[in-house]
file final.txt (compact mmCIF, all heavy atoms)
# COMPACT_ATOMS: atom_id res chain seq x y z
N MET A 15 11.67 -3.12 -2.27
CA MET A 15 10.73 -2.07 -2.60
C MET A 15 11.10 -0.84 -1.78
O MET A 15 11.32 -0.92 -0.58
CB MET A 15 9.33 -2.56 -2.27
CG MET A 15 8.27 -1.52 -2.41
SD MET A 15 6.70 -2.21 -1.90
CE MET A 15 5.77 -1.88 -3.33
N THR A 16 11.18 0.29 -2.44
CA THR A 16 11.49 1.52 -1.73
C THR A 16 10.20 2.12 -1.18
O THR A 16 9.12 1.98 -1.76
CB THR A 16 12.17 2.53 -2.66
OG1 THR A 16 11.29 2.84 -3.73
CG2 THR A 16 13.49 1.99 -3.20
N GLU A 17 10.31 2.79 -0.07
CA GLU A 17 9.14 3.41 0.54
C GLU A 17 8.79 4.70 -0.18
O GLU A 17 9.66 5.47 -0.55
CB GLU A 17 9.41 3.68 2.02
CG GLU A 17 9.49 2.42 2.84
CD GLU A 17 9.48 2.71 4.32
OE1 GLU A 17 8.87 3.71 4.74
OE2 GLU A 17 10.09 1.93 5.05
N SER A 18 7.49 4.90 -0.38
CA SER A 18 7.01 6.12 -1.02
C SER A 18 7.00 7.26 -0.01
O SER A 18 6.82 7.05 1.18
CB SER A 18 5.60 5.90 -1.54
OG SER A 18 5.57 4.86 -2.47
N THR A 19 7.18 8.46 -0.53
CA THR A 19 7.09 9.63 0.34
C THR A 19 5.63 9.96 0.60
O THR A 19 4.74 9.50 -0.12
CB THR A 19 7.77 10.85 -0.30
OG1 THR A 19 7.02 11.22 -1.46
CG2 THR A 19 9.22 10.58 -0.65
N LYS A 20 5.38 10.76 1.61
CA LYS A 20 4.02 11.18 1.93
C LYS A 20 3.39 11.90 0.73
O LYS A 20 2.23 11.68 0.40
CB LYS A 20 4.01 12.09 3.16
CG LYS A 20 2.64 12.52 3.58
CD LYS A 20 2.65 13.38 4.82
CE LYS A 20 1.23 13.79 5.17
NZ LYS A 20 1.16 14.63 6.34
N GLU A 21 4.17 12.71 0.05
CA GLU A 21 3.67 13.45 -1.11
C GLU A 21 3.28 12.50 -2.24
O GLU A 21 2.27 12.70 -2.90
CB GLU A 21 4.73 14.45 -1.60
CG GLU A 21 4.97 15.62 -0.66
CD GLU A 21 5.86 15.28 0.54
OE1 GLU A 21 6.58 14.24 0.51
OE2 GLU A 21 5.82 16.04 1.51
N GLN A 22 4.08 11.47 -2.46
CA GLN A 22 3.76 10.49 -3.49
C GLN A 22 2.48 9.73 -3.15
O GLN A 22 1.64 9.49 -4.02
CB GLN A 22 4.91 9.50 -3.67
CG GLN A 22 6.13 10.09 -4.31
CD GLN A 22 7.30 9.14 -4.29
OE1 GLN A 22 7.55 8.46 -3.30
NE2 GLN A 22 8.03 9.09 -5.40
N LEU A 23 2.33 9.36 -1.89
CA LEU A 23 1.14 8.64 -1.47
C LEU A 23 -0.11 9.50 -1.62
O LEU A 23 -1.15 9.04 -2.10
CB LEU A 23 1.28 8.15 -0.03
CG LEU A 23 2.30 7.03 0.18
CD1 LEU A 23 2.58 6.84 1.66
CD2 LEU A 23 1.82 5.74 -0.46
N GLU A 24 -0.02 10.76 -1.21
CA GLU A 24 -1.17 11.65 -1.30
C GLU A 24 -1.55 11.94 -2.75
O GLU A 24 -2.72 12.15 -3.05
CB GLU A 24 -0.88 12.95 -0.55
CG GLU A 24 -0.86 12.75 0.95
CD GLU A 24 -0.47 14.00 1.73
OE1 GLU A 24 -0.01 14.99 1.12
OE2 GLU A 24 -0.61 13.97 2.96
N ALA A 25 -0.59 11.93 -3.67
CA ALA A 25 -0.86 12.21 -5.07
C ALA A 25 -1.33 10.98 -5.85
O ALA A 25 -1.87 11.11 -6.94
CB ALA A 25 0.39 12.78 -5.73
N SER A 26 -1.17 9.80 -5.27
CA SER A 26 -1.51 8.57 -5.97
C SER A 26 -3.01 8.33 -6.01
O SER A 26 -3.71 8.55 -5.03
CB SER A 26 -0.83 7.38 -5.28
OG SER A 26 -1.26 6.17 -5.88
N ASP A 27 -3.48 7.84 -7.16
CA ASP A 27 -4.89 7.45 -7.26
C ASP A 27 -5.07 5.97 -6.95
O ASP A 27 -6.17 5.44 -7.04
CB ASP A 27 -5.45 7.79 -8.64
CG ASP A 27 -4.75 7.05 -9.76
OD1 ASP A 27 -3.69 6.44 -9.53
OD2 ASP A 27 -5.27 7.06 -10.88
N LYS A 28 -4.00 5.28 -6.57
CA LYS A 28 -4.06 3.85 -6.29
C LYS A 28 -4.17 3.54 -4.80
O LYS A 28 -4.33 2.39 -4.41
CB LYS A 28 -2.83 3.16 -6.87
CG LYS A 28 -2.76 3.29 -8.39
CD LYS A 28 -1.70 2.44 -8.97
CE LYS A 28 -1.55 2.59 -10.45
NZ LYS A 28 -2.70 2.35 -11.25
N VAL A 29 -4.04 4.55 -3.95
CA VAL A 29 -4.14 4.34 -2.50
C VAL A 29 -5.20 5.25 -1.91
O VAL A 29 -5.56 6.27 -2.49
CB VAL A 29 -2.80 4.58 -1.78
CG1 VAL A 29 -1.74 3.60 -2.23
CG2 VAL A 29 -2.32 5.99 -1.95
N GLU A 30 -5.69 4.83 -0.75
CA GLU A 30 -6.61 5.68 -0.01
C GLU A 30 -6.05 5.89 1.39
O GLU A 30 -5.41 5.01 1.95
CB GLU A 30 -8.01 5.09 0.05
CG GLU A 30 -8.12 3.79 0.81
CD GLU A 30 -9.54 3.25 0.85
OE1 GLU A 30 -10.44 4.01 1.21
OE2 GLU A 30 -9.71 2.08 0.51
N GLU A 31 -6.25 7.07 1.91
CA GLU A 31 -5.75 7.42 3.23
C GLU A 31 -6.82 7.12 4.27
O GLU A 31 -7.98 7.46 4.10
CB GLU A 31 -5.43 8.92 3.25
CG GLU A 31 -4.84 9.40 4.55
CD GLU A 31 -4.56 10.89 4.53
OE1 GLU A 31 -3.81 11.34 3.64
OE2 GLU A 31 -5.11 11.58 5.39
N ARG A 32 -6.41 6.45 5.34
CA ARG A 32 -7.31 6.16 6.45
C ARG A 32 -6.60 6.53 7.74
O ARG A 32 -5.38 6.40 7.85
CB ARG A 32 -7.67 4.67 6.51
CG ARG A 32 -8.39 4.13 5.33
CD ARG A 32 -8.72 2.67 5.57
NE ARG A 32 -9.09 2.00 4.33
CZ ARG A 32 -9.17 0.69 4.19
NH1 ARG A 32 -8.91 -0.10 5.22
NH2 ARG A 32 -9.51 0.17 3.05
N THR A 33 -7.38 6.97 8.72
CA THR A 33 -6.82 7.22 10.04
C THR A 33 -7.24 6.08 10.95
O THR A 33 -8.42 5.79 11.11
CB THR A 33 -7.32 8.56 10.61
OG1 THR A 33 -6.97 9.60 9.68
CG2 THR A 33 -6.70 8.86 11.95
N VAL A 34 -6.26 5.41 11.52
CA VAL A 34 -6.50 4.27 12.39
C VAL A 34 -5.80 4.55 13.71
O VAL A 34 -4.58 4.66 13.76
CB VAL A 34 -5.97 2.96 11.76
CG1 VAL A 34 -6.19 1.78 12.68
CG2 VAL A 34 -6.59 2.71 10.40
N GLY A 35 -6.59 4.69 14.77
CA GLY A 35 -6.01 4.95 16.09
C GLY A 35 -5.18 6.22 16.11
O GLY A 35 -4.15 6.27 16.78
N GLY A 36 -5.60 7.25 15.37
CA GLY A 36 -4.88 8.51 15.34
C GLY A 36 -3.66 8.52 14.43
O GLY A 36 -2.95 9.50 14.34
N GLU A 37 -3.42 7.41 13.74
CA GLU A 37 -2.26 7.29 12.85
C GLU A 37 -2.75 7.23 11.41
O GLU A 37 -3.68 6.50 11.09
CB GLU A 37 -1.51 6.00 13.19
CG GLU A 37 -0.32 5.71 12.33
CD GLU A 37 0.35 4.39 12.74
OE1 GLU A 37 0.83 4.32 13.89
OE2 GLU A 37 0.37 3.47 11.92
N ILE A 38 -2.14 8.00 10.51
CA ILE A 38 -2.52 7.99 9.11
C ILE A 38 -1.87 6.78 8.44
O ILE A 38 -0.67 6.55 8.57
CB ILE A 38 -2.08 9.28 8.40
CG1 ILE A 38 -2.81 10.48 9.00
CG2 ILE A 38 -2.34 9.19 6.90
CD1 ILE A 38 -2.34 11.82 8.47
N ARG A 39 -2.70 6.01 7.73
CA ARG A 39 -2.21 4.84 6.99
C ARG A 39 -2.72 4.93 5.56
O ARG A 39 -3.77 5.49 5.30
CB ARG A 39 -2.70 3.55 7.63
CG ARG A 39 -2.20 3.36 9.04
CD ARG A 39 -2.66 2.07 9.60
NE ARG A 39 -2.29 1.96 11.02
CZ ARG A 39 -2.52 0.90 11.76
NH1 ARG A 39 -3.12 -0.13 11.24
NH2 ARG A 39 -2.16 0.90 13.01
N TYR A 40 -1.95 4.36 4.65
CA TYR A 40 -2.33 4.35 3.24
C TYR A 40 -2.55 2.91 2.80
O TYR A 40 -1.69 2.06 3.00
CB TYR A 40 -1.24 5.02 2.39
CG TYR A 40 -1.06 6.48 2.73
CD1 TYR A 40 -0.16 6.88 3.72
CD2 TYR A 40 -1.82 7.45 2.10
CE1 TYR A 40 -0.02 8.22 4.04
CE2 TYR A 40 -1.68 8.79 2.41
CZ TYR A 40 -0.78 9.17 3.39
OH TYR A 40 -0.64 10.49 3.71
N TYR A 41 -3.70 2.66 2.20
CA TYR A 41 -4.08 1.32 1.77
C TYR A 41 -4.28 1.30 0.26
O TYR A 41 -4.84 2.24 -0.31
CB TYR A 41 -5.39 0.87 2.44
CG TYR A 41 -5.24 0.61 3.92
CD1 TYR A 41 -5.29 1.65 4.84
CD2 TYR A 41 -5.03 -0.67 4.38
CE1 TYR A 41 -5.13 1.40 6.20
CE2 TYR A 41 -4.88 -0.93 5.74
CZ TYR A 41 -4.94 0.12 6.63
OH TYR A 41 -4.79 -0.13 7.97
N LEU A 42 -3.87 0.21 -0.38
CA LEU A 42 -4.12 0.05 -1.80
C LEU A 42 -5.62 -0.11 -2.03
O LEU A 42 -6.28 -0.85 -1.32
CB LEU A 42 -3.40 -1.19 -2.34
CG LEU A 42 -1.90 -1.08 -2.45
CD1 LEU A 42 -1.31 -2.44 -2.78
CD2 LEU A 42 -1.50 -0.06 -3.50
N LYS A 43 -6.13 0.59 -3.03
CA LYS A 43 -7.56 0.49 -3.36
C LYS A 43 -7.88 -0.86 -3.98
O LYS A 43 -8.94 -1.40 -3.77
CB LYS A 43 -7.97 1.62 -4.31
CG LYS A 43 -7.94 2.97 -3.66
CD LYS A 43 -8.35 4.05 -4.65
CE LYS A 43 -8.32 5.41 -4.00
NZ LYS A 43 -8.68 6.46 -4.96
N ASN A 44 -6.98 -1.40 -4.78
CA ASN A 44 -7.22 -2.67 -5.47
C ASN A 44 -6.02 -3.59 -5.24
O ASN A 44 -5.14 -3.68 -6.09
CB ASN A 44 -7.45 -2.42 -6.97
CG ASN A 44 -7.81 -3.69 -7.71
OD1 ASN A 44 -7.77 -4.78 -7.15
ND2 ASN A 44 -8.14 -3.56 -8.97
N ILE A 45 -6.01 -4.28 -4.10
CA ILE A 45 -4.87 -5.13 -3.74
C ILE A 45 -4.66 -6.25 -4.76
O ILE A 45 -3.53 -6.62 -5.05
CB ILE A 45 -5.02 -5.69 -2.31
CG1 ILE A 45 -3.75 -6.41 -1.86
CG2 ILE A 45 -6.22 -6.60 -2.20
CD1 ILE A 45 -2.57 -5.52 -1.65
N LYS A 46 -5.74 -6.76 -5.36
CA LYS A 46 -5.59 -7.85 -6.32
C LYS A 46 -4.79 -7.43 -7.54
O LYS A 46 -4.05 -8.22 -8.11
CB LYS A 46 -6.97 -8.36 -6.75
CG LYS A 46 -7.68 -9.10 -5.64
CD LYS A 46 -9.04 -9.58 -6.08
CE LYS A 46 -9.74 -10.24 -4.90
NZ LYS A 46 -11.07 -10.70 -5.26
N GLU A 47 -4.91 -6.18 -7.94
CA GLU A 47 -4.16 -5.66 -9.09
C GLU A 47 -2.66 -5.67 -8.82
O GLU A 47 -1.85 -5.87 -9.71
CB GLU A 47 -4.62 -4.23 -9.37
CG GLU A 47 -3.89 -3.55 -10.50
CD GLU A 47 -4.37 -2.11 -10.70
OE1 GLU A 47 -5.57 -1.84 -10.48
OE2 GLU A 47 -3.53 -1.27 -11.04
N HIS A 48 -2.26 -5.49 -7.57
CA HIS A 48 -0.85 -5.37 -7.20
C HIS A 48 -0.30 -6.61 -6.50
O HIS A 48 0.89 -6.67 -6.22
CB HIS A 48 -0.67 -4.17 -6.26
CG HIS A 48 -1.12 -2.89 -6.87
ND1 HIS A 48 -0.34 -2.19 -7.76
CD2 HIS A 48 -2.27 -2.20 -6.73
CE1 HIS A 48 -1.00 -1.12 -8.15
NE2 HIS A 48 -2.17 -1.10 -7.54
N TRP A 49 -1.14 -7.58 -6.21
CA TRP A 49 -0.74 -8.70 -5.36
C TRP A 49 0.46 -9.46 -5.91
O TRP A 49 1.37 -9.82 -5.17
CB TRP A 49 -1.91 -9.64 -5.11
CG TRP A 49 -1.56 -10.66 -4.08
CD1 TRP A 49 -1.40 -11.99 -4.26
CD2 TRP A 49 -1.28 -10.43 -2.69
NE1 TRP A 49 -1.05 -12.60 -3.09
CE2 TRP A 49 -0.97 -11.67 -2.12
CE3 TRP A 49 -1.26 -9.29 -1.90
CZ2 TRP A 49 -0.65 -11.79 -0.76
CZ3 TRP A 49 -0.93 -9.43 -0.55
CH2 TRP A 49 -0.64 -10.66 0.00
N LEU A 50 0.51 -9.75 -7.21
CA LEU A 50 1.64 -10.50 -7.76
C LEU A 50 2.95 -9.77 -7.56
O LEU A 50 3.96 -10.39 -7.26
CB LEU A 50 1.41 -10.80 -9.24
CG LEU A 50 0.26 -11.77 -9.54
CD1 LEU A 50 0.09 -11.94 -11.04
CD2 LEU A 50 0.48 -13.10 -8.87
N VAL A 51 2.95 -8.47 -7.68
CA VAL A 51 4.16 -7.68 -7.44
C VAL A 51 4.57 -7.80 -5.97
O VAL A 51 5.74 -7.97 -5.66
CB VAL A 51 3.95 -6.20 -7.84
CG1 VAL A 51 5.16 -5.37 -7.45
CG2 VAL A 51 3.68 -6.09 -9.32
N VAL A 52 3.60 -7.74 -5.07
CA VAL A 52 3.89 -7.85 -3.64
C VAL A 52 4.52 -9.20 -3.34
O VAL A 52 5.54 -9.29 -2.66
CB VAL A 52 2.61 -7.66 -2.79
CG1 VAL A 52 2.87 -7.97 -1.33
CG2 VAL A 52 2.07 -6.24 -2.96
N ILE A 53 3.95 -10.27 -3.86
CA ILE A 53 4.46 -11.62 -3.61
C ILE A 53 5.87 -11.79 -4.19
O ILE A 53 6.73 -12.38 -3.57
CB ILE A 53 3.51 -12.69 -4.19
CG1 ILE A 53 2.19 -12.69 -3.42
CG2 ILE A 53 4.14 -14.07 -4.18
CD1 ILE A 53 2.32 -13.02 -1.95
N GLU A 54 6.10 -11.25 -5.38
CA GLU A 54 7.43 -11.36 -5.99
C GLU A 54 8.49 -10.67 -5.15
O GLU A 54 9.60 -11.16 -5.00
CB GLU A 54 7.43 -10.74 -7.39
CG GLU A 54 6.68 -11.57 -8.41
CD GLU A 54 6.54 -10.86 -9.74
OE1 GLU A 54 7.08 -9.75 -9.90
OE2 GLU A 54 5.88 -11.42 -10.63
N GLN A 55 8.16 -9.52 -4.56
CA GLN A 55 9.14 -8.75 -3.80
C GLN A 55 9.18 -9.14 -2.33
O GLN A 55 10.20 -8.96 -1.67
CB GLN A 55 8.84 -7.26 -3.94
CG GLN A 55 9.03 -6.78 -5.36
CD GLN A 55 8.72 -5.30 -5.53
OE1 GLN A 55 8.49 -4.59 -4.57
NE2 GLN A 55 8.71 -4.85 -6.75
N HIS A 56 8.07 -9.64 -1.80
CA HIS A 56 7.98 -10.00 -0.39
C HIS A 56 7.24 -11.33 -0.26
O HIS A 56 6.06 -11.35 0.07
CB HIS A 56 7.24 -8.92 0.41
CG HIS A 56 7.87 -7.58 0.32
ND1 HIS A 56 9.01 -7.23 1.00
CD2 HIS A 56 7.54 -6.49 -0.43
CE1 HIS A 56 9.34 -5.98 0.70
NE2 HIS A 56 8.47 -5.52 -0.16
N PRO A 57 7.90 -12.45 -0.51
CA PRO A 57 7.21 -13.74 -0.53
C PRO A 57 6.54 -14.10 0.79
O PRO A 57 5.64 -14.93 0.81
CB PRO A 57 8.30 -14.73 -0.89
CG PRO A 57 9.58 -14.01 -0.86
CD PRO A 57 9.31 -12.55 -0.84
N ASP A 58 6.90 -13.49 1.90
CA ASP A 58 6.28 -13.79 3.18
C ASP A 58 5.20 -12.78 3.54
O ASP A 58 4.80 -12.67 4.70
CB ASP A 58 7.34 -13.81 4.30
CG ASP A 58 8.35 -14.92 4.08
OD1 ASP A 58 7.97 -15.98 3.54
OD2 ASP A 58 9.51 -14.73 4.44
N ALA A 59 4.67 -12.05 2.56
CA ALA A 59 3.73 -10.97 2.81
C ALA A 59 2.26 -11.42 2.83
O ALA A 59 1.38 -10.59 2.82
CB ALA A 59 3.91 -9.88 1.76
N ALA A 60 2.00 -12.70 2.86
CA ALA A 60 0.62 -13.18 2.82
C ALA A 60 -0.21 -12.49 3.89
O ALA A 60 0.16 -12.42 5.05
CB ALA A 60 0.59 -14.69 3.02
N GLY A 61 -1.34 -11.94 3.46
CA GLY A 61 -2.26 -11.28 4.37
C GLY A 61 -2.04 -9.78 4.50
O GLY A 61 -2.86 -9.10 5.08
N ASP A 62 -0.95 -9.27 3.96
CA ASP A 62 -0.70 -7.83 4.06
C ASP A 62 -1.61 -7.06 3.13
O ASP A 62 -1.85 -7.47 2.01
CB ASP A 62 0.75 -7.50 3.71
CG ASP A 62 1.72 -7.93 4.79
OD1 ASP A 62 1.25 -8.38 5.84
OD2 ASP A 62 2.92 -7.80 4.57
N GLU A 63 -2.13 -5.93 3.58
CA GLU A 63 -2.92 -5.05 2.74
C GLU A 63 -2.16 -3.77 2.43
O GLU A 63 -2.42 -3.14 1.42
CB GLU A 63 -4.23 -4.67 3.44
CG GLU A 63 -5.23 -5.78 3.52
CD GLU A 63 -6.56 -5.29 4.06
OE1 GLU A 63 -6.77 -4.08 4.12
OE2 GLU A 63 -7.35 -6.13 4.43
N ALA A 64 -1.29 -3.36 3.31
CA ALA A 64 -0.60 -2.09 3.13
C ALA A 64 0.79 -2.18 3.73
O ALA A 64 1.08 -3.05 4.52
CB ALA A 64 -1.40 -0.97 3.79
N TRP A 65 1.62 -1.26 3.34
CA TRP A 65 2.95 -1.16 3.92
C TRP A 65 3.36 0.27 3.95
O TRP A 65 2.71 1.10 3.36
CB TRP A 65 3.96 -2.01 3.17
CG TRP A 65 4.07 -1.66 1.73
CD1 TRP A 65 4.85 -0.70 1.17
CD2 TRP A 65 3.33 -2.27 0.67
NE1 TRP A 65 4.65 -0.68 -0.18
CE2 TRP A 65 3.73 -1.61 -0.51
CE3 TRP A 65 2.38 -3.27 0.60
CZ2 TRP A 65 3.22 -1.94 -1.74
CZ3 TRP A 65 1.89 -3.59 -0.64
CH2 TRP A 65 2.31 -2.94 -1.78

call {"tool": "encode", "arguments": {"input": "final.txt", "output": "structure tokens"}}
result
Amino acid sequence: MTESTKEQLEASDKVEERTVGGEIRYYLKNIKEHWLVVIEQHPDAAGDEAW
């Protein structure tokens, strides 16, 4: 999986921006919708919400 640019993340309606400990993070709004794709590409990703 290629990493999205900041501009792509900010323009996406599928992620939400959160500030955690002064660091900006992007989280999927509906992880269940994307979970199968995550597992197919990263089989050891159990428990991950964002990347």

call {"tool": "atom_distance", "arguments": {"input": "final.txt", "atom1": "atom CA of A:Asp27", "atom2": "atom CA of A:Lys43"}}
result
8.4 Å

call {"tool": "atom_distance", "arguments": {"input": "final.txt", "atom1": "atom CG of A:Gln55", "atom2": "atom OG1 of A:Thr33"}}
result
27.4 Å

call {"tool": "atom_distance", "arguments": {"input": "final.txt", "atom1": "atom CA of A:Lys20", "atom2": "atom CA of A:Arg39"}}
result
10.2 Å

call {"tool": "residues_around", "arguments": {"input": "final.txt", "residues": "A:Lys28", "least_positions_apart": "3", "cutoff": "5 Å", "atoms": "all atoms listed in the file", "output": "PDB file with all heavy atoms, in the frame of the given file"}}
result
ATOM      1  N   TYR A  41      -3.700   2.660   2.200  1.00  0.00           N
ATOM      2  CA  TYR A  41      -4.080   1.320   1.770  1.00  0.00           C
ATOM      3  C   TYR A  41      -4.280   1.300   0.260  1.00  0.00           C
ATOM      4  O   TYR A  41      -4.840   2.240  -0.310  1.00  0.00           O
ATOM      5  CB  TYR A  41      -5.390   0.870   2.440  1.00  0.00           C
ATOM      6  CG  TYR A  41      -5.240   0.610   3.920  1.00  0.00           C
ATOM      7  CD1 TYR A  41      -5.290   1.650   4.840  1.00  0.00           C
ATOM      8  CD2 TYR A  41      -5.030  -0.670   4.380  1.00  0.00           C
ATOM      9  CE1 TYR A  41      -5.130   1.400   6.200  1.00  0.00           C
ATOM     10  CE2 TYR A  41      -4.880  -0.930   5.740  1.00  0.00           C
ATOM     11  CZ  TYR A  41      -4.940   0.120   6.630  1.00  0.00           C
ATOM     12  OH  TYR A  41      -4.790  -0.130   7.970  1.00  0.00           O
ATOM     13  N   LEU A  42      -3.870   0.210  -0.380  1.00  0.00           N
ATOM     14  CA  LEU A  42      -4.120   0.050  -1.800  1.00  0.00           C
ATOM     15  C   LEU A  42      -5.620  -0.110  -2.030  1.00  0.00           C
ATOM     16  O   LEU A  42      -6.280  -0.850  -1.320  1.00  0.00           O
ATOM     17  CB  LEU A  42      -3.400  -1.190  -2.340  1.00  0.00           C
ATOM     18  CG  LEU A  42      -1.900  -1.080  -2.450  1.00  0.00           C
ATOM     19  CD1 LEU A  42      -1.310  -2.440  -2.780  1.00  0.00           C
ATOM     20  CD2 LEU A  42      -1.500  -0.060  -3.500  1.00  0.00           C
ATOM     21  N   LYS A  43      -6.130   0.590  -3.030  1.00  0.00           N
ATOM     22  CA  LYS A  43      -7.560   0.490  -3.360  1.00  0.00           C
ATOM     23  C   LYS A  43      -7.880  -0.860  -3.980  1.00  0.00           C
ATOM     24  O   LYS A  43      -8.940  -1.400  -3.770  1.00  0.00           O
ATOM     25  CB  LYS A  43      -7.970   1.620  -4.310  1.00  0.00           C
ATOM     26  CG  LYS A  43      -7.940   2.970  -3.660  1.00  0.00           C
ATOM     27  CD  LYS A  43      -8.350   4.050  -4.650  1.00  0.00           C
ATOM     28  CE  LYS A  43      -8.320   5.410  -4.000  1.00  0.00           C
ATOM     29  NZ  LYS A  43      -8.680   6.460  -4.960  1.00  0.00           N
ATOM     30  N   ASN A  44      -6.980  -1.400  -4.780  1.00  0.00           N
ATOM     31  CA  ASN A  44      -7.220  -2.670  -5.470  1.00  0.00           C
ATOM     32  C   ASN A  44      -6.020  -3.590  -5.240  1.00  0.00           C
ATOM     33  O   ASN A  44      -5.140  -3.680  -6.090  1.00  0.00           O
ATOM     34  CB  ASN A  44      -7.450  -2.420  -6.970  1.00  0.00           C
ATOM     35  CG  ASN A  44      -7.810  -3.690  -7.710  1.00  0.00           C
ATOM     36  OD1 ASN A  44      -7.770  -4.780  -7.150  1.00  0.00           O
ATOM     37  ND2 ASN A  44      -8.140  -3.560  -8.970  1.00  0.00           N
ATOM     38  N   GLU A  47      -4.910  -6.180  -7.940  1.00  0.00           N
ATOM     39  CA  GLU A  47      -4.160  -5.660  -9.090  1.00  0.00           C
ATOM     40  C   GLU A  47      -2.660  -5.670  -8.820  1.00  0.00           C
ATOM     41  O   GLU A  47      -1.850  -5.870  -9.710  1.00  0.00           O
ATOM     42  CB  GLU A  47      -4.620  -4.230  -9.370  1.00  0.00           C
ATOM     43  CG  GLU A  47      -3.890  -3.550 -10.500  1.00  0.00           C
ATOM     44  CD  GLU A  47      -4.370  -2.110 -10.700  1.00  0.00           C
ATOM     45  OE1 GLU A  47      -5.570  -1.840 -10.480  1.00  0.00           O
ATOM     46  OE2 GLU A  47      -3.530  -1.270 -11.040  1.00  0.00           O
ATOM     47  N   HIS A  48      -2.260  -5.490  -7.570  1.00  0.00           N
ATOM     48  CA  HIS A  48      -0.850  -5.370  -7.200  1.00  0.00           C
ATOM     49  C   HIS A  48      -0.300  -6.610  -6.500  1.00  0.00           C
ATOM     50  O   HIS A  48       0.890  -6.670  -6.220  1.00  0.00           O
ATOM     51  CB  HIS A  48      -0.670  -4.170  -6.260  1.00  0.00           C
ATOM     52  CG  HIS A  48      -1.120  -2.890  -6.870  1.00  0.00           C
ATOM     53  ND1 HIS A  48      -0.340  -2.190  -7.760  1.00  0.00           N
ATOM     54  CD2 HIS A  48      -2.270  -2.200  -6.730  1.00  0.00           C
ATOM     55  CE1 HIS A  48      -1.000  -1.120  -8.150  1.00  0.00           C
ATOM     56  NE2 HIS A  48      -2.170  -1.100  -7.540  1.00  0.00           N
TER      57      HIS A  48
END
